[in-house]
$ cat target_37.json   # JSON, C-alpha atoms
[["chain", "number", "residue", "atom", "x", "y", "z"],
["A", 16, "MET", "CA", 73.50, 51.27, 73.32],
["A", 17, "THR", "CA", 71.81, 48.08, 72.28],
["A", 18, "HIS", "CA", 68.27, 47.79, 70.98],
["A", 19, "GLY", "CA", 65.92, 47.20, 73.90],
["A", 20, "GLY", "CA", 68.53, 48.42, 76.41],
["A", 21, "VAL", "CA", 68.03, 51.11, 79.04],
["A", 22, "LEU", "CA", 69.23, 54.70, 78.52],
["A", 23, "GLN", "CA", 69.64, 56.97, 81.54],
["A", 24, "ILE", "CA", 69.47, 60.73, 80.97],
["A", 25, "ASP", "CA", 70.12, 63.29, 83.71],
["A", 26, "THR", "CA", 70.87, 66.97, 84.18],
["A", 27, "CYS", "CA", 73.32, 66.71, 87.11],
["A", 28, "GLY", "CA", 75.49, 69.84, 87.14],
["A", 29, "SER", "CA", 72.74, 72.15, 85.85],
["A", 30, "SER", "CA", 72.09, 75.39, 87.71],
["A", 31, "PHE", "CA", 68.38, 74.47, 88.08],
["A", 32, "SER", "CA", 66.24, 71.34, 87.67],
["A", 33, "PRO", "CA", 64.84, 71.35, 84.13],
["A", 34, "ALA", "CA", 62.22, 68.91, 82.86],
["A", 35, "VAL", "CA", 63.59, 66.08, 80.70],
["A", 36, "ALA", "CA", 61.66, 63.99, 78.16],
["A", 37, "ALA", "CA", 62.50, 61.40, 75.49],
["A", 38, "TYR", "CA", 60.53, 60.59, 72.35],
["A", 39, "THR", "CA", 60.77, 58.30, 69.35],
["A", 40, "GLY", "CA", 59.25, 58.58, 65.90],
["A", 41, "SER", "CA", 59.92, 59.11, 62.24],
["A", 42, "ALA", "CA", 59.24, 62.86, 62.22],
["A", 43, "VAL", "CA", 59.13, 65.67, 64.79],
["A", 44, "ARG", "CA", 55.40, 66.15, 64.14],
["A", 45, "ALA", "CA", 54.68, 62.48, 64.89],
["A", 46, "LEU", "CA", 56.62, 61.74, 68.09],
["A", 47, "THR", "CA", 55.66, 59.14, 70.69],
["A", 48, "PRO", "CA", 56.68, 59.82, 74.32],
["A", 49, "LEU", "CA", 58.98, 57.23, 75.89],
["A", 50, "ALA", "CA", 59.56, 58.86, 79.28],
["A", 51, "SER", "CA", 59.62, 62.20, 81.06],
["A", 52, "GLY", "CA", 60.62, 63.46, 84.46],
["A", 53, "THR", "CA", 61.41, 66.49, 86.54],
["A", 54, "VAL", "CA", 63.09, 65.06, 89.67],
["A", 55, "GLY", "CA", 64.54, 61.87, 90.99],
["A", 56, "VAL", "CA", 68.23, 61.45, 90.17],
["A", 57, "PHE", "CA", 70.70, 61.77, 93.05],
["A", 58, "CYS", "CA", 73.73, 63.73, 91.87],
["A", 59, "GLY", "CA", 76.59, 62.13, 93.79],
["A", 60, "ALA", "CA", 78.98, 64.62, 95.38],
["A", 61, "THR", "CA", 76.60, 67.58, 95.17],
["A", 62, "GLY", "CA", 74.00, 65.76, 97.27],
["A", 63, "THR", "CA", 71.18, 67.21, 95.22],
["A", 64, "SER", "CA", 68.21, 65.61, 93.50],
["A", 65, "ILE", "CA", 67.72, 66.79, 89.94],
["A", 66, "SER", "CA", 65.89, 65.90, 86.73],
["A", 67, "GLY", "CA", 66.45, 62.50, 85.28],
["A", 68, "ILE", "CA", 64.72, 59.71, 83.41],
["A", 69, "GLN", "CA", 65.35, 56.16, 82.33],
["A", 70, "VAL", "CA", 64.21, 55.13, 78.86],
["A", 71, "THR", "CA", 63.81, 51.58, 77.57],
["A", 72, "LEU", "CA", 65.05, 51.73, 74.02],
["A", 73, "PRO", "CA", 62.79, 50.35, 71.28],
["A", 74, "PRO", "CA", 63.74, 46.77, 70.32],
["A", 75, "ASN", "CA", 63.86, 47.71, 66.62],
["A", 76, "GLY", "CA", 66.17, 50.71, 67.10],
["A", 77, "GLY", "CA", 65.37, 54.11, 65.65],
["A", 78, "THR", "CA", 66.03, 57.70, 66.60],
["A", 79, "ILE", "CA", 65.54, 58.96, 70.16],
["A", 80, "TYR", "CA", 64.75, 62.68, 70.57],
["A", 81, "ILE", "CA", 65.63, 64.30, 73.91],
["A", 82, "ALA", "CA", 63.90, 67.47, 75.08],
["A", 83, "VAL", "CA", 65.11, 69.59, 78.02],
["A", 84, "GLU", "CA", 63.04, 72.51, 79.24],
["A", 85, "GLY", "CA", 63.09, 75.05, 82.04],
["A", 86, "GLY", "CA", 59.99, 76.86, 83.24],
["A", 87, "VAL", "CA", 56.94, 77.85, 81.24],
["A", 88, "PRO", "CA", 56.37, 80.88, 78.97],
["A", 89, "SER", "CA", 54.71, 82.84, 81.78],
["A", 90, "ASN", "CA", 57.51, 81.97, 84.24],
["A", 91, "PRO", "CA", 60.72, 81.12, 82.36],
["A", 92, "VAL", "CA", 63.80, 79.82, 84.16],
["A", 93, "THR", "CA", 67.28, 80.75, 82.99],
["A", 94, "GLY", "CA", 70.61, 79.20, 83.77],
["A", 95, "SER", "CA", 72.97, 76.55, 82.51],
["A", 96, "ILE", "CA", 71.97, 72.99, 81.60],
["A", 97, "THR", "CA", 74.30, 70.02, 81.71],
["A", 98, "LEU", "CA", 73.03, 66.87, 79.98],
["A", 99, "HIS", "CA", 74.42, 63.36, 80.59],
["A", 100, "TRP", "CA", 73.33, 60.09, 78.97],
["A", 101, "GLY", "CA", 74.54, 56.54, 79.09],
["A", 102, "ALA", "CA", 73.64, 52.96, 79.91],
["A", 103, "GLY", "CA", 71.15, 52.73, 82.75],
["A", 104, "GLY", "CA", 70.48, 49.97, 85.19]]
$ encode --input "target_37.json" --output "structure tokens"
Amino acid sequence: MTHGGVLQIDTCGSSFSPAVAAYTGSAVRALTPLASGTVGVFCGATGTSISGIQVTLPPNGGTIYIAVEGGVPSNPVTGSITLHWGAGG
């Protein structure tokens, strides 16, 4: 991926629709959110809509942290997660 490009992240193929988020920063304790989402990507042949986000990469590069989560502590969701990433449009 090039600096300043667009990264698309989705969870097509997962057994449920987890939340997806992307962050940047120099340390886990000092992260800045880039994008987050819980629905909106059409998963081709399955015909389902599932979690996905598009992230504009920082022009100066750096590390991107991706977080994927299902449910909340009081109502956890279990299942399998499939994560895809690549150049977005």
$ closest_residue --input "target_37.json" --among "A:Cys58, A:Leu49, A:Ala42, A:Ile81" --to "Trp100 of chain A" --atoms "all atoms listed in the file"
A:Ile81
$ atom_distance --input "target_37.json" --atom1 "atom CA of Val83 of chain A" --atom2 "atom CA of Gln23 of chain A"
13.9 Å
$ atom_distance --input "target_37.json" --atom1 "atom CA of Leu22 of chain A" --atom2 "atom CA of Thr47 of chain A"
16.3 Å
$ atom_distance --input "target_37.json" --atom1 "atom CA of Ala82 of chain A" --atom2 "atom CA of Ser51 of chain A"
9.0 Å
$ closest_residue --input "target_37.json" --among "A:Pro33, A:Gly20, A:Gly40, A:Gly28" --to "Ile79 of chain A" --atoms "all atoms listed in the file"
A:Gly40
$ closest_residue --input "target_37.json" --among "A:His99, A:Tyr80, A:Val92, A:Gly85" --to "Val43 of chain A" --atoms "all atoms listed in the file"
A:Tyr80
$ closest_residue --input "target_37.json" --among "A:Gln69, A:Asn75, A:Asn90, A:Thr97" --to "Phe31 of chain A" --atoms "only C-alpha atoms"
A:Thr97
$ closest_residue --input "target_37.json" --among "A:Ala50, A:Ala102, A:Val87, A:Leu72" --to "Val35 of chain A" --atoms "only C-alpha atoms"
A:Ala50
$ closest_residue --input "target_37.json" --among "A:Thr78, A:Thr26, A:Ser95, A:Ile68" --to "Tyr38 of chain A" --atoms "only C-alpha atoms"
A:Thr78
$ axis_aligned_box --input "target_37.json" --around "segment 46-51 of chain A" --padding-each-side "3 Å" --output "lines of an AutoDock Vina configuration file"
center_x = 57.6
center_y = 59.7
center_z = 74.6
size_x = 10.0
size_y = 11.0
size_z = 19.0
